[in-house]
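Please read the structure below before turning to the comments.
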Amino acid sequence: MKTKTSHFLKGRLSIQQRLPLLICLLLLVSVVVYGFANYYSLRKATLIIADDRLGTISNELNIALSQSAQGIAASLGVAASQRSVIDCLKSGGKGFHNEVVSILDNQHHDSTYVWTELLDDHQVPVLHSNKSTLQISISAKDALSSVKVAPGLPVAGKIYSTNGSVYVPIIAAVADKQQIIGYIILWKLFVSTPKAVAQFSKLVGIGTDFYIGNTDGSLWTDLIKPIPNIPFKINNVSELIKYTRSDGTPMIAKAQLISNTKWFIVVAFSQQSVLSEVDSFVNWLVLIGVVIIAGGILAAWLMSRTIIKPLNQLIITANAISEGNYSTTIPIDMYQNDEVGQLANAFNIMIGQVSRSHYELESKVEERTAQLANVNKELEAFSYSVSHDLRTPLRAINGYSIMLKEDYDAELDSEGKRIVRNIISNAKMMGQLIDDLLSFSRMGKKDLVRAKIDMQELTETVVRELLQHEPAPDKYQINVGPLPPISADQVMIKQALINLVGNAIKYSSKKEEPVIEIGAREEQKKTIYYIKDNGAGFDMAYSGKLFGVFQRLHSQEEFEGTGVGLALAKRIIEKHKGEIWAEGKENAGATFYFSLPKI
């Protein structure tokens with residue numbers, strides 16, 4: 001994902017574009033890392049503060065509810081200790097009836113006190129208040145079974161729900177000489193109005209929810225109505241509770257056990273409200289980051305222009321030098337005190353050195369050209385001497401040898417006849433060698449005349465011409481495969497084919513069934529031709545000598561030749577910007593390859 005991006009940036013964008021982009025990326029990374037670090041630190045700190053605030057509020061509510069429960073219980077405890085109440089229970093509810101009812105009536109301080117009654121020690125109702133407006137359907141046994149009531153220690157029982165309302169029992173034991181003889185149970189409506197809850201929530205702030213429930217989890221209320229299923233679980237009252245409200249709002253809460261009761265109080269804040277300031281910080285951070293990045297890009301762009309300006313001057317000067325203008329230099333007055341100025345100064349020094357080297361090289365080239373012209377003239381003179389001066393005595397030697405053979409053959413013994421034949425043969429070979437050398441030397445000066453060549457037809461013509469000089473042409477099996485055409489100098493390519501095919505015929509001539517295969521294969525930018533035979537072959541250890549002048553891997557007695565043919569073929573192929581090489585094995589034949597570029 002990293003290499004391709006780097007290649008794209010380097011290949012598609014200039015330095016003036018890459019520098020602002022790099023600085024932009026660095027600023028972006030810095031802002032993002034700094035922003036996230038600050039965001040999470042601030043978020044953590046905010047949640048810690050919210051945790052403390054939840055603890056404070058829940059503690060205050062705990063104190064308020066605990067004191068309220070204790071106040072009601074204390075009042076009920078006083079009522080339970082009245083002598084008339086004790087005597088009433090001892091009389092089985094027959095005595096002190098009016099006095100006890102009056103005491104029970106006094107416990108109804110407002111409309112939330114819905115039922116007050118006196119029970120005997122068997123939890124059987126004896127009397128109830130005349131102000132009781134609603135008889136609770138919950139049995140007194142259930143209320144008493146959930147708490148432990150001792151003489152002189154009134155308690156608040158569990159919260160109960162009936163007919164959609166929530167009630168809590170306040171229970172006081174009636175005792176005579178520390179012996180419990182009955183109970184007073186006061187049922188209080190445990191409710192508040194939605195308006196009051198909303199006002200208190202607003203007073204506390206940030207969308208607060210309140211829950212009160214039994215410690216055994218049997219009932220929960222939001223102070224308005226019972227809640228069948230709470231969306232959280234209390235594992236430890238010291239831990240922060242996180243849950244999601246039914247409307248999808250994330251919440252954080254804290255629970256506390258209300259003193260002297262069997263109740264939990266839970267205070268919950270909206271996490272979104274708690275973190276609203278953090279979100280505002282993030283928005284400001286994004287805005288500041290955008291401003292910083294925009295300013296950084298602008299500053300980087302201006303900086304890159306300052307750096308690129310002298311570099312552009314370097315490019316202009318370098319282009320001028322590449323076109324041969326060595327008098328151009330870079331003005332360094334503006335940049336002479338920085339690294340770019342040092343580079344410009346070094347570049348100017350290099351221009352001077354290149355200029356001097358160029359003129360020195362031109363002088364040397366002119367000198368070498370003149371020397372080469374003289375050498376060429378000498379070679380031409382040598383070629384003329386070889387072609388004329390050496391041929392004259394060679395023709396004389398050859399002529400006199402033939403005359404000697406014809407006129408005095410009968411007078412010569414066998415050794416004399418052998419000597420005369422050797423003289424004629426060597427004179428003929430010397431003449432061929434002179435012709436090959438002249439052809440080899442002239443090849444370097446000859447210009448290419450390119451034309452489209454039908455290699456199939458040209459090769460078949462070469463094969464026919466070569467077999468005409470063979471004493472037994474029918475014994476050769478020469479297979480010429482499909483040969484694609486090529487653009488080249490036909491005269492030169494024909495000479496190369498003559499040398500290569502001629503070699504294949506010569507070195508396979510001693511086989512009983514000589515087989516020669518001529519074929520080709522095409523590649524993307526070149527065509528490769530080959531001539532394969534089953535002749536004498538050669539040792540690959542000496543393959544480097546094959547294409548040298550006068551380099552022979554077989555003796556003159558085995559196979560005639562001057563050792564120039566392959567060197568001439570190599571010069572022709574290389575003049576066409578091609579390559580030539582060979583593969584072979586002794587007594588197993590050889591394959592000569594040459595490639596010609598497609599034009």
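In the structure tokens, chains take letters A, B, ... by order of appearance, with residues numbered from 1 within each chain and ligands from 1 in the order shown.
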**OP:** Write out as a ChimeraX atom specification each polymer residue whose atoms come within 7 Å of Gly584 (chain A), counting only C-alpha atoms; drop sequence neighbours fewer than 5 positions from it.
**Re:** /A:537-540,589-591
Output file for the selection above: N, CA and C atoms, as a PDB file, in the first residue's frame:
```pdb
ATOM      1  N   GLY A 537      31.557 -30.365 -35.891  1.00  0.00           N
ATOM      2  CA  GLY A 537      31.336 -29.650 -34.639  1.00  0.00           C
ATOM      3  C   GLY A 537      32.602 -29.029 -34.083  1.00  0.00           C
ATOM      4  N   PHE A 538      32.577 -28.630 -32.826  1.00  0.00           N
ATOM      5  CA  PHE A 538      33.758 -28.034 -32.208  1.00  0.00           C
ATOM      6  C   PHE A 538      33.608 -28.108 -30.699  1.00  0.00           C
ATOM      7  N   ASP A 539      34.711 -27.888 -29.994  1.00  0.00           N
ATOM      8  CA  ASP A 539      34.725 -27.881 -28.531  1.00  0.00           C
ATOM      9  C   ASP A 539      34.297 -26.494 -28.056  1.00  0.00           C
ATOM     10  N   MET A 540      33.232 -26.432 -27.225  1.00  0.00           N
ATOM     11  CA  MET A 540      32.707 -25.141 -26.772  1.00  0.00           C
ATOM     12  C   MET A 540      33.721 -24.350 -25.957  1.00  0.00           C
ATOM     13  N   GLY A 589      28.175 -32.082 -34.579  1.00  0.00           N
ATOM     14  CA  GLY A 589      27.580 -30.987 -35.310  1.00  0.00           C
ATOM     15  C   GLY A 589      27.651 -29.649 -34.587  1.00  0.00           C
ATOM     16  N   ALA A 590      27.207 -28.615 -35.270  1.00  0.00           N
ATOM     17  CA  ALA A 590      27.232 -27.262 -34.716  1.00  0.00           C
ATOM     18  C   ALA A 590      26.011 -26.491 -35.200  1.00  0.00           C
ATOM     19  N   THR A 591      25.641 -25.466 -34.418  1.00  0.00           N
ATOM     20  CA  THR A 591      24.534 -24.574 -34.793  1.00  0.00           C
ATOM     21  C   THR A 591      25.019 -23.142 -34.665  1.00  0.00           C
TER      22      THR A 591
END
```
Original post:
Hey, what does DSSP flag as strand (DSSP E or B) within region 49-125 of chain A? Can you give it to me as a VMD selection string?
Top reply: chain A and resid 113 to 120 125
Original post:
Which polymer residues have any atom within 9 Å of an atom of region 38-49 of chain A, counting only C-alpha atoms, with same-chain residues fewer than 2 positions away left out, as a ChimeraX atom specification?
Top reply: /A:33-36,51-54,252,271,274-275,277-279,281-282
Original post:
Near Gly481 (chain A), counting only C-alpha atoms, which residues have an atom at most 12 Å away, once you skip same-chain residues fewer than 5 positions from it, shown as a ChimeraX atom specification?
Top reply: /A:455-457,459-460,516-521,529-532
Subject >> Who sits within 12 Å of Thr461 (chain A), only C-alpha atoms, same chain under 3 positions skipped, as a VMD selection string >> reply: chain A and resid 454 to 458 464 to 468 480 494 to 495 497 to 498 501
Keeping only N, CA, C and O atoms, take the residues you just selected and write them out as a compact mmCIF listing (two decimals), in the first residue's frame.
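Heads up, here's the output in part.txt:
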```txt
# COMPACT_ATOMS: atom_id res chain seq x y z
N ASP A 454 13.58 -11.06 -48.91
CA ASP A 454 12.88 -12.33 -48.78
C ASP A 454 13.92 -13.37 -48.38
O ASP A 454 14.62 -13.94 -49.23
N MET A 455 14.05 -13.61 -47.08
CA MET A 455 15.10 -14.49 -46.59
C MET A 455 14.91 -15.92 -47.07
O MET A 455 15.89 -16.66 -47.26
N GLN A 456 13.68 -16.35 -47.29
CA GLN A 456 13.43 -17.70 -47.80
C GLN A 456 14.06 -17.85 -49.18
O GLN A 456 14.82 -18.79 -49.45
N GLU A 457 13.75 -16.92 -50.06
CA GLU A 457 14.26 -16.99 -51.44
C GLU A 457 15.77 -16.81 -51.47
O GLU A 457 16.49 -17.53 -52.19
N LEU A 458 16.29 -15.84 -50.69
CA LEU A 458 17.73 -15.58 -50.69
C LEU A 458 18.50 -16.81 -50.20
O LEU A 458 19.53 -17.19 -50.78
N ARG A 464 21.63 -23.25 -53.54
CA ARG A 464 21.83 -23.74 -54.91
C ARG A 464 23.21 -23.38 -55.44
O ARG A 464 23.90 -24.21 -56.05
N GLU A 465 23.63 -22.14 -55.21
CA GLU A 465 24.94 -21.71 -55.73
C GLU A 465 26.08 -22.49 -55.07
O GLU A 465 27.05 -22.86 -55.73
N LEU A 466 25.97 -22.75 -53.77
CA LEU A 466 27.04 -23.47 -53.07
C LEU A 466 27.10 -24.93 -53.51
O LEU A 466 28.20 -25.51 -53.63
N LEU A 467 25.94 -25.57 -53.72
CA LEU A 467 25.94 -26.99 -54.11
C LEU A 467 26.47 -27.20 -55.52
O LEU A 467 26.87 -28.33 -55.88
N GLN A 468 26.46 -26.15 -56.35
CA GLN A 468 26.98 -26.28 -57.72
C GLN A 468 28.46 -26.63 -57.73
O GLN A 468 28.96 -27.24 -58.67
N VAL A 480 15.30 -26.15 -45.56
CA VAL A 480 15.13 -24.71 -45.34
C VAL A 480 13.71 -24.47 -44.84
O VAL A 480 12.75 -24.64 -45.59
N LYS A 494 23.65 -11.73 -47.92
CA LYS A 494 23.94 -12.87 -48.78
C LYS A 494 25.35 -13.38 -48.53
O LYS A 494 25.59 -14.59 -48.47
N GLN A 495 26.32 -12.45 -48.38
CA GLN A 495 27.70 -12.85 -48.11
C GLN A 495 27.78 -13.61 -46.78
O GLN A 495 28.47 -14.62 -46.66
N LEU A 497 25.36 -15.33 -45.36
CA LEU A 497 24.76 -16.65 -45.55
C LEU A 497 25.70 -17.58 -46.31
O LEU A 497 25.79 -18.78 -46.01
N ILE A 498 26.37 -17.03 -47.31
CA ILE A 498 27.33 -17.86 -48.06
C ILE A 498 28.39 -18.42 -47.11
O ILE A 498 28.73 -19.60 -47.17
N VAL A 501 26.43 -20.93 -44.40
CA VAL A 501 25.93 -22.16 -45.03
C VAL A 501 27.09 -22.93 -45.65
O VAL A 501 27.15 -24.17 -45.58
```
Original post:
What is the CA of Lys158 (chain A)-CA of Trp115 (chain A) distance in Å, reported with one decimal?
Top reply: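 Computing it gives 15.9 Å between the two atoms.
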Within 7 Å of Thr208 (chain A) using only C-alpha atoms, minus same-chain residues under 5 positions, as a PDB file with N, CA, C and O atoms, in the first residue's frame:
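This is the output file selection_26.pdb:
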```
ATOM      1  N   SER A 201     -34.703  17.387  38.418  1.00  0.00           N
ATOM      2  CA  SER A 201     -33.722  16.980  37.412  1.00  0.00           C
ATOM      3  C   SER A 201     -33.072  18.197  36.766  1.00  0.00           C
ATOM      4  O   SER A 201     -31.869  18.237  36.535  1.00  0.00           O
ATOM      5  N   VAL A 267     -28.745   7.535  40.783  1.00  0.00           N
ATOM      6  CA  VAL A 267     -28.795   8.815  40.074  1.00  0.00           C
ATOM      7  C   VAL A 267     -28.040   8.636  38.763  1.00  0.00           C
ATOM      8  O   VAL A 267     -26.899   8.145  38.768  1.00  0.00           O
ATOM      9  N   ALA A 268     -28.659   9.011  37.644  1.00  0.00           N
ATOM     10  CA  ALA A 268     -28.057   8.787  36.316  1.00  0.00           C
ATOM     11  C   ALA A 268     -27.987  10.094  35.536  1.00  0.00           C
ATOM     12  O   ALA A 268     -28.915  10.911  35.574  1.00  0.00           O
ATOM     13  N   PHE A 269     -26.852  10.283  34.844  1.00  0.00           N
ATOM     14  CA  PHE A 269     -26.651  11.428  33.951  1.00  0.00           C
ATOM     15  C   PHE A 269     -26.596  10.935  32.509  1.00  0.00           C
ATOM     16  O   PHE A 269     -26.094   9.842  32.233  1.00  0.00           O
ATOM     17  N   SER A 270     -27.050  11.781  31.610  1.00  0.00           N
ATOM     18  CA  SER A 270     -26.872  11.520  30.180  1.00  0.00           C
ATOM     19  C   SER A 270     -25.389  11.702  29.826  1.00  0.00           C
ATOM     20  O   SER A 270     -24.803  12.748  30.088  1.00  0.00           O
TER      21      SER A 270
END
```
**OP:** Just give me the gap between CA of Val29 (chain A) and CA of Ser276 (chain A) in Å, one decimal is fine.
**Re:**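 Separation of CA of Val29 (chain A) and CA of Ser276 (chain A): 25.0 Å.
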**OP:** Give me the residues within 12 Å of region 138-148 of chain A as number ranges by chain, counting only C-alpha atoms and dropping any in the same chain fewer than 6 places off.
**Re:** A: 115-125, 154-163, 166-173, 182-187, 214-216, 218, 260-263
Original post:
Which one is closest to Ile572 (chain A): A:Ile180, A:Met492, A:Ala300, A:Ile505? Count only C-alpha atoms.
Top reply: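 Using only C-alpha atoms, the shortest distance to Ile572 (chain A) belongs to A:Met492.
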